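Enquirer: Just so it is clear, I am handing over upload.pdb, which has PDB, C-alpha atoms, pLDDT in the B column.
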```pdb
ATOM      1  CA  MET A   1       4.264 -17.637   5.847  1.00 52.00           C
ATOM      2  CA  SER A   2       3.376 -19.372   9.067  1.00 56.00           C
ATOM      3  CA  ASP A   3       5.484 -22.446   9.816  1.00 66.00           C
ATOM      4  CA  ASP A   4       5.956 -24.961  12.603  1.00 67.00           C
ATOM      5  CA  ARG A   5       8.433 -22.651  14.393  1.00 70.00           C
ATOM      6  CA  TYR A   6       6.534 -19.371  14.274  1.00 74.00           C
ATOM      7  CA  THR A   7       3.053 -18.103  13.633  1.00 77.00           C
ATOM      8  CA  GLY A   8       2.717 -14.359  13.920  1.00 80.00           C
ATOM      9  CA  PRO A   9      -0.373 -12.684  15.268  1.00 83.00           C
ATOM     10  CA  VAL A  10      -3.185 -12.465  12.733  1.00 84.00           C
ATOM     11  CA  GLY A  11      -4.836  -9.090  12.518  1.00 86.00           C
ATOM     12  CA  PHE A  12      -7.029  -7.013  10.310  1.00 89.00           C
ATOM     13  CA  ALA A  13      -7.289  -3.400   9.271  1.00 92.00           C
ATOM     14  CA  VAL A  14     -10.243  -1.701   7.630  1.00 94.00           C
ATOM     15  CA  PHE A  15      -9.716   1.503   5.659  1.00 95.00           C
ATOM     16  CA  SER A  16     -12.291   3.712   3.990  1.00 94.00           C
ATOM     17  CA  VAL A  17     -11.486   4.747   0.426  1.00 93.00           C
ATOM     18  CA  PRO A  18     -13.545   6.841  -1.963  1.00 93.00           C
ATOM     19  CA  ALA A  19     -15.569   4.697  -4.350  1.00 88.00           C
ATOM     20  CA  GLY A  20     -13.674   4.488  -7.627  1.00 87.00           C
ATOM     21  CA  ALA A  21     -10.324   5.478  -6.069  1.00 90.00           C
ATOM     22  CA  ASP A  22      -7.144   4.363  -7.832  1.00 89.00           C
ATOM     23  CA  LEU A  23      -5.798   1.555  -5.646  1.00 87.00           C
ATOM     24  CA  THR A  24      -2.560   1.080  -7.583  1.00 86.00           C
ATOM     25  CA  PRO A  25      -0.397   2.523  -4.767  1.00 90.00           C
ATOM     26  CA  VAL A  26      -2.228   0.281  -2.282  1.00 87.00           C
ATOM     27  CA  THR A  27      -1.548  -2.764  -4.439  1.00 84.00           C
ATOM     28  CA  GLU A  28       2.137  -1.830  -4.661  1.00 85.00           C
ATOM     29  CA  GLU A  29       2.427  -1.442  -0.875  1.00 88.00           C
ATOM     30  CA  LEU A  30       0.700  -4.771  -0.185  1.00 84.00           C
ATOM     31  CA  ARG A  31       3.092  -6.413  -2.633  1.00 81.00           C
ATOM     32  CA  ARG A  32       6.075  -4.736  -0.907  1.00 85.00           C
ATOM     33  CA  LEU A  33       4.911  -5.976   2.507  1.00 83.00           C
ATOM     34  CA  ALA A  34       4.609  -9.515   1.187  1.00 79.00           C
ATOM     35  CA  VAL A  35       7.994  -9.454  -0.604  1.00 80.00           C
ATOM     36  CA  THR A  36       9.843  -8.082   2.436  1.00 82.00           C
ATOM     37  CA  HIS A  37       8.088 -10.648   4.640  1.00 77.00           C
ATOM     38  CA  GLY A  38       6.741  -7.934   6.927  1.00 80.00           C
ATOM     39  CA  ALA A  39       3.278  -9.401   6.552  1.00 83.00           C
ATOM     40  CA  GLU A  40       1.654 -12.429   5.011  1.00 82.00           C
ATOM     41  CA  ILE A  41      -1.450 -11.053   3.304  1.00 81.00           C
ATOM     42  CA  LEU A  42      -4.207 -13.587   3.957  1.00 82.00           C
ATOM     43  CA  ASP A  43      -7.193 -11.779   2.475  1.00 83.00           C
ATOM     44  CA  VAL A  44      -8.093  -8.476   0.848  1.00 84.00           C
ATOM     45  CA  GLU A  45     -11.693  -7.407   0.404  1.00 83.00           C
ATOM     46  CA  LEU A  46     -13.239  -4.286  -1.070  1.00 84.00           C
ATOM     47  CA  VAL A  47     -16.672  -3.765   0.439  1.00 85.00           C
ATOM     48  CA  SER A  48     -19.342  -1.430  -0.914  1.00 84.00           C
ATOM     49  CA  ALA A  49     -22.505  -0.182   0.773  1.00 79.00           C
ATOM     50  CA  ASP A  50     -24.225   1.185  -2.323  1.00 73.00           C
ATOM     51  CA  GLY A  51     -27.618  -0.489  -2.429  1.00 59.00           C
ATOM     52  CA  GLY A  52     -26.828  -2.880   0.442  1.00 62.00           C
ATOM     53  CA  VAL A  53     -23.784  -4.896   1.448  1.00 61.00           C
ATOM     54  CA  ALA A  54     -21.684  -6.170  -1.435  1.00 60.00           C
ATOM     55  CA  ARG A  55     -18.148  -7.119  -2.248  1.00 63.00           C
ATOM     56  CA  ALA A  56     -16.891  -4.632  -4.786  1.00 57.00           C
ATOM     57  CA  GLU A  57     -14.611  -5.693  -7.603  1.00 64.00           C
ATOM     58  CA  LEU A  58     -10.952  -5.531  -6.664  1.00 63.00           C
ATOM     59  CA  PRO A  59      -8.190  -4.493  -9.046  1.00 65.00           C
ATOM     60  CA  GLU A  60      -6.770  -7.570 -10.788  1.00 68.00           C
ATOM     61  CA  GLU A  61      -3.557  -7.498  -8.735  1.00 62.00           C
ATOM     62  CA  LEU A  62      -5.520  -7.734  -5.469  1.00 63.00           C
ATOM     63  CA  ALA A  63      -8.246 -10.114  -6.640  1.00 58.00           C
ATOM     64  CA  SER A  64      -5.808 -13.024  -6.544  1.00 56.00           C
ATOM     65  CA  ILE A  65      -5.588 -12.835  -2.734  1.00 62.00           C
ATOM     66  CA  GLU A  66      -9.301 -12.425  -2.059  1.00 60.00           C
ATOM     67  CA  THR A  67     -10.362 -15.479  -0.035  1.00 69.00           C
ATOM     68  CA  ASP A  68     -13.747 -14.458   1.382  1.00 69.00           C
ATOM     69  CA  LEU A  69     -12.724 -14.920   5.038  1.00 78.00           C
ATOM     70  CA  LEU A  70     -15.330 -12.324   6.012  1.00 81.00           C
ATOM     71  CA  ASP A  71     -18.862 -13.534   6.611  1.00 85.00           C
ATOM     72  CA  ALA A  72     -22.143 -11.622   6.260  1.00 83.00           C
ATOM     73  CA  ASP A  73     -22.017 -10.383   9.868  1.00 89.00           C
ATOM     74  CA  ASP A  74     -18.477  -9.028   9.380  1.00 88.00           C
ATOM     75  CA  LEU A  75     -19.538  -7.243   6.204  1.00 86.00           C
ATOM     76  CA  ALA A  76     -22.580  -5.694   7.906  1.00 87.00           C
ATOM     77  CA  VAL A  77     -20.423  -4.250  10.723  1.00 90.00           C
ATOM     78  CA  ILE A  78     -17.960  -2.797   8.209  1.00 91.00           C
ATOM     79  CA  VAL A  79     -20.663  -1.278   6.024  1.00 89.00           C
ATOM     80  CA  GLY A  80     -22.203   0.331   9.102  1.00 90.00           C
ATOM     81  CA  GLU A  81     -19.048   2.447   9.425  1.00 92.00           C
ATOM     82  CA  LEU A  82     -19.012   3.706   5.827  1.00 92.00           C
ATOM     83  CA  ASN A  83     -20.164   7.119   4.663  1.00 91.00           C
ATOM     84  CA  ARG A  84     -21.982   7.600   1.386  1.00 89.00           C
ATOM     85  CA  GLY A  85     -19.567   7.286  -1.547  1.00 90.00           C
ATOM     86  CA  GLU A  86     -17.023   5.244   0.382  1.00 92.00           C
ATOM     87  CA  ASN A  87     -15.824   1.682   0.054  1.00 90.00           C
ATOM     88  CA  ALA A  88     -13.979  -0.253   2.728  1.00 91.00           C
ATOM     89  CA  LEU A  89     -10.682  -1.934   1.983  1.00 90.00           C
ATOM     90  CA  VAL A  90     -10.168  -4.812   4.407  1.00 89.00           C
ATOM     91  CA  VAL A  91      -6.769  -6.436   4.833  1.00 88.00           C
ATOM     92  CA  ILE A  92      -6.366  -9.595   6.913  1.00 86.00           C
ATOM     93  CA  TYR A  93      -2.724 -10.372   7.560  1.00 87.00           C
ATOM     94  CA  GLU A  94      -0.253 -12.347   9.601  1.00 86.00           C
ATOM     95  CA  ASP A  95       2.379 -10.123  11.189  1.00 87.00           C
ATOM     96  CA  ARG A  96       5.779 -11.596  10.229  1.00 84.00           C
ATOM     97  CA  THR A  97       8.046  -8.917  11.682  1.00 85.00           C
ATOM     98  CA  LEU A  98       9.414 -11.271  14.350  1.00 87.00           C
ATOM     99  CA  ALA A  99       9.885 -14.313  12.101  1.00 86.00           C
ATOM    100  CA  SER A 100      13.663 -13.854  11.835  1.00 87.00           C
ATOM    101  CA  LEU A 101      13.875 -13.518  15.626  1.00 90.00           C
ATOM    102  CA  ALA A 102      11.874 -16.737  15.960  1.00 88.00           C
ATOM    103  CA  ASP A 103      14.365 -18.454  13.629  1.00 89.00           C
ATOM    104  CA  ARG A 104      17.227 -17.432  15.903  1.00 93.00           C
ATOM    105  CA  ILE A 105      15.359 -18.572  19.023  1.00 92.00           C
ATOM    106  CA  ASP A 106      14.669 -21.904  17.319  1.00 90.00           C
ATOM    107  CA  ALA A 107      18.374 -22.222  16.447  1.00 93.00           C
ATOM    108  CA  ALA A 108      19.185 -21.630  20.126  1.00 95.00           C
ATOM    109  CA  GLY A 109      16.864 -24.494  21.083  1.00 94.00           C
ATOM    110  CA  GLY A 110      13.896 -22.325  22.072  1.00 93.00           C
ATOM    111  CA  ARG A 111      10.358 -22.224  20.762  1.00 89.00           C
ATOM    112  CA  GLU A 112       7.390 -19.896  20.445  1.00 86.00           C
ATOM    113  CA  LEU A 113       5.038 -20.167  23.394  1.00 86.00           C
ATOM    114  CA  LEU A 114       2.351 -17.558  22.768  1.00 82.00           C
ATOM    115  CA  THR A 115       1.452 -14.760  20.390  1.00 79.00           C
ATOM    116  CA  GLY A 116      -1.279 -12.226  20.658  1.00 77.00           C
ATOM    117  CA  GLY A 117      -2.239  -8.641  20.431  1.00 78.00           C
ATOM    118  CA  ILE A 118      -3.381  -5.769  22.539  1.00 80.00           C
ATOM    119  CA  ALA A 119      -6.004  -3.337  21.293  1.00 77.00           C
ATOM    120  CA  ALA A 120      -4.590   0.169  20.834  1.00 78.00           C
ATOM    121  CA  ALA A 121      -7.532   1.528  22.818  1.00 80.00           C
ATOM    122  CA  ASP A 122      -6.479  -0.590  25.805  1.00 82.00           C
ATOM    123  CA  ILE A 123      -2.976   0.898  25.700  1.00 81.00           C
ATOM    124  CA  ALA A 124      -4.376   4.425  25.438  1.00 77.00           C
ATOM    125  CA  GLU A 125      -6.570   3.780  28.498  1.00 77.00           C
ATOM    126  CA  LYS A 126      -3.561   2.704  30.570  1.00 74.00           C
ATOM    127  CA  GLU A 127      -1.569   5.778  29.511  1.00 76.00           C
ATOM    128  CA  SER A 128      -4.282   8.252  30.499  1.00 70.00           C
TER     129      SER A 128
END
```
Please render this file's structure as C-alpha coordinates.
Expert:
Amino acid sequence: MSDDRYTGPVGFAVFSVPAGADLTPVTEELRRLAVTHGAEILDVELVSADGGVARAELPEELASIETDLLDADDLAVIVGELNRGENALVVIYEDRTLASLADRIDAAGGRELLTGGIAAADIAEKES
(Lines of atoms letter the chains of each structure in order from A and count residues from 1; the text may use other names and numbers.)
(Lines give C-alpha, C1' and ligand atoms only; values in the text may rest on other atoms or scores of the structure.)
Protein backbone atom coordinates (compact mmCIF):
# COMPACT_ATOMS: atom_id res chain seq x y z
CA MET A 1 0.00 0.00 0.00
CA SER A 2 1.16 3.50 -0.76
CA ASP A 3 2.85 5.25 2.16
CA ASP A 4 4.66 8.50 2.87
CA ARG A 5 7.98 7.01 1.66
CA TYR A 6 6.88 5.41 -1.60
CA THR A 7 3.99 5.52 -4.00
CA GLY A 8 4.39 3.23 -6.97
CA PRO A 9 3.12 4.10 -10.40
CA VAL A 10 -0.61 3.52 -10.81
CA GLY A 11 -1.57 1.70 -13.96
CA PHE A 12 -4.38 -0.21 -15.53
CA ALA A 13 -4.78 -3.24 -17.74
CA VAL A 14 -7.85 -4.25 -19.69
CA PHE A 15 -8.30 -7.87 -20.76
CA SER A 16 -11.04 -9.40 -22.87
CA VAL A 17 -12.57 -12.59 -21.50
CA PRO A 18 -15.39 -14.68 -22.92
CA ALA A 19 -18.72 -13.84 -21.31
CA GLY A 20 -19.40 -16.43 -18.62
CA ALA A 21 -15.74 -17.48 -18.32
CA ASP A 22 -14.59 -19.03 -15.04
CA LEU A 23 -12.53 -16.29 -13.39
CA THR A 24 -11.36 -18.41 -10.45
CA PRO A 25 -7.74 -18.55 -11.70
CA VAL A 26 -7.83 -14.77 -12.23
CA THR A 27 -9.08 -14.24 -8.69
CA GLU A 28 -6.30 -16.47 -7.34
CA GLU A 29 -3.62 -14.56 -9.26
CA LEU A 30 -4.92 -11.16 -8.12
CA ARG A 31 -4.87 -12.44 -4.55
CA ARG A 32 -1.29 -13.73 -5.02
CA LEU A 33 -0.15 -10.35 -6.36
CA ALA A 34 -1.68 -8.58 -3.38
CA VAL A 35 -0.24 -11.04 -0.81
CA THR A 36 3.28 -10.87 -2.28
CA HIS A 37 3.03 -7.07 -2.41
CA GLY A 38 3.81 -7.03 -6.12
CA ALA A 39 0.75 -4.88 -6.70
CA GLU A 40 -1.85 -3.08 -4.66
CA ILE A 41 -5.12 -3.85 -6.43
CA LEU A 42 -7.12 -0.62 -6.37
CA ASP A 43 -10.11 -1.60 -8.50
CA VAL A 44 -11.41 -4.51 -10.54
CA GLU A 45 -14.29 -4.11 -12.95
CA LEU A 46 -16.01 -6.56 -15.27
CA VAL A 47 -17.58 -4.65 -18.14
CA SER A 48 -20.18 -6.04 -20.54
CA ALA A 49 -21.35 -4.64 -23.87
CA ASP A 50 -24.45 -6.79 -24.26
CA GLY A 51 -27.31 -4.36 -24.78
CA GLY A 52 -25.18 -1.28 -24.04
CA VAL A 53 -22.49 -0.47 -21.51
CA ALA A 54 -22.89 -2.16 -18.14
CA ARG A 55 -20.85 -3.38 -15.25
CA ALA A 56 -21.19 -7.13 -15.15
CA GLU A 57 -21.39 -9.00 -11.88
CA LEU A 58 -18.00 -9.98 -10.54
CA PRO A 59 -17.28 -13.23 -8.72
CA GLU A 60 -17.71 -12.71 -4.96
CA GLU A 61 -13.95 -12.78 -4.33
CA LEU A 62 -13.39 -9.87 -6.73
CA ALA A 63 -16.51 -7.86 -5.89
CA SER A 64 -14.97 -6.74 -2.61
CA ILE A 65 -12.34 -4.65 -4.44
CA GLU A 66 -14.68 -3.07 -6.98
CA THR A 67 -14.59 0.69 -6.32
CA ASP A 68 -16.12 2.17 -9.47
CA LEU A 69 -13.07 4.30 -10.35
CA LEU A 70 -14.10 4.12 -14.01
CA ASP A 71 -16.56 6.71 -15.27
CA ALA A 72 -19.03 6.46 -18.16
CA ASP A 73 -16.47 7.74 -20.69
CA ASP A 74 -13.92 5.11 -19.59
CA LEU A 75 -16.53 2.37 -19.90
CA ALA A 76 -17.56 3.53 -23.39
CA VAL A 77 -13.94 3.39 -24.63
CA ILE A 78 -13.48 -0.11 -23.19
CA VAL A 79 -16.74 -1.42 -24.63
CA GLY A 80 -15.74 -0.07 -28.04
CA GLU A 81 -12.87 -2.57 -28.06
CA LEU A 82 -14.97 -5.64 -27.23
CA ASN A 83 -16.16 -8.25 -29.70
CA ARG A 84 -19.57 -9.86 -29.42
CA GLY A 85 -19.64 -12.37 -26.55
CA GLU A 86 -16.74 -10.78 -24.70
CA ASN A 87 -16.49 -8.99 -21.39
CA ALA A 88 -13.63 -6.75 -20.33
CA LEU A 89 -11.82 -7.34 -17.07
CA VAL A 90 -10.25 -4.08 -15.91
CA VAL A 91 -7.60 -4.03 -13.20
CA ILE A 92 -6.37 -0.74 -11.73
CA TYR A 93 -3.29 -1.24 -9.60
CA GLU A 94 -0.36 0.39 -7.89
CA ASP A 95 2.93 -1.22 -8.86
CA ARG A 96 4.72 -2.12 -5.59
CA THR A 97 7.71 -3.98 -7.01
CA LEU A 98 10.15 -1.28 -5.90
CA ALA A 99 8.68 -0.72 -2.42
CA SER A 100 11.44 -2.68 -0.66
CA LEU A 101 14.06 -0.70 -2.59
CA ALA A 102 12.34 2.52 -1.50
CA ASP A 103 12.53 1.31 2.12
CA ARG A 104 16.29 0.86 1.79
CA ILE A 105 16.71 4.27 0.15
CA ASP A 106 14.68 5.82 2.97
CA ALA A 107 16.89 4.05 5.53
CA ALA A 108 19.93 5.55 3.78
CA GLY A 109 18.41 9.03 4.16
CA GLY A 110 17.07 9.29 0.61
CA ARG A 111 13.56 9.82 -0.67
CA GLU A 112 11.40 9.18 -3.72
CA LEU A 113 11.46 12.08 -6.14
CA LEU A 114 9.35 10.95 -9.09
CA THR A 115 7.51 7.92 -10.42
CA GLY A 116 5.93 7.41 -13.76
CA GLY A 117 5.51 5.16 -16.70
CA ILE A 118 6.35 4.90 -20.34
CA ALA A 119 3.87 3.50 -22.83
CA ALA A 120 5.10 0.24 -24.37
CA ALA A 121 4.31 1.65 -27.81
CA ASP A 122 6.74 4.52 -27.17
CA ILE A 123 9.53 2.05 -26.37
CA ALA A 124 8.74 0.00 -29.47
CA GLU A 125 8.95 3.16 -31.61
CA LYS A 126 12.42 3.98 -30.27
CA GLU A 127 13.65 0.43 -30.92
CA SER A 128 12.53 0.38 -34.55
Enquirer: Evaluated on this file, the PyMOL selection byres ((chain A and resi 79) around 10) picks out some residues - which ones are they, written as a list in words?
Expert: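 Selection result, ordered by chain and number: Ser16, Val47, Ser48, Ala49, Asp50, Gly52, Val53, Ala54, Asp73, Asp74, Leu75, Ala76, Val77, Ile78, Gly80, Glu81, Leu82, Asn83, Glu86, Asn87 and Ala88 of chain A.
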Enquirer: Name the residues that the PyMOL selection byres ((chain A and resi 25-37) around 8) pulls out of this structure, and write them as a ChimeraX atom specification.
Expert: /A:22-24,38-41,61-62,96-97
Enquirer: Quick one: pull the distance between atom CA of Leu46 of chain A and atom CA of Gly8 of chain A, Å, one decimal.
Expert: 24.1 Å
Enquirer: Between A:Val91, A:Gly85, A:Ala99, A:Leu113, which is the closest to Ala19 of chain A once you count all atoms listed in the file?
Expert: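 Of A:Val91, A:Gly85, A:Ala99, A:Leu113, the one nearest Ala19 of chain A is A:Gly85, counting all atoms listed in the file.
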Enquirer: Just give me the gap between atom CA of Arg84 of chain A and atom CA of Phe12 of chain A in Å, one decimal is fine.
Expert: 22.7 Å
Enquirer: Could you tell me which of A:Val14, A:Glu127, A:Gly20, A:Gly116 comes closest to Asp95 of chain A if we count only C-alpha atoms?
Expert: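 Smallest distance to Asp95 of chain A is found for A:Gly116.
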Enquirer: Compare A:Val17, A:Val10, A:Ala72, A:Ala121 by their minimum atom-to-atom distance to Ile92 of chain A, counting all atoms listed in the file, and give me the closest one.
Expert: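 Residue with the minimum atom-to-atom distance to Ile92 of chain A: A:Val10.
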Enquirer: How many Å lie between atom CA of Val44 of chain A and atom CA of Val90 of chain A, rounded to one decimal?
Expert: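 Straight-line distance from atom CA of Val44 of chain A to atom CA of Val90 of chain A works out to 5.5 Å.
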Enquirer: Counting all atoms listed in the file, which residues sit no farther than 12 Å from the position (11.2, -18.9, 21.7) in the file's frame? I'd like them as a list in words.
Expert: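 Applying the cut-off with all atoms listed in the file, one gets Arg5, Tyr6, Thr7, Leu98, Ala99, Ser100, Leu101, Ala102, Asp103, Arg104, Ile105, Asp106, Ala107, Ala108, Gly109, Gly110, Arg111, Glu112, Leu113, Leu114 and Thr115 of chain A.
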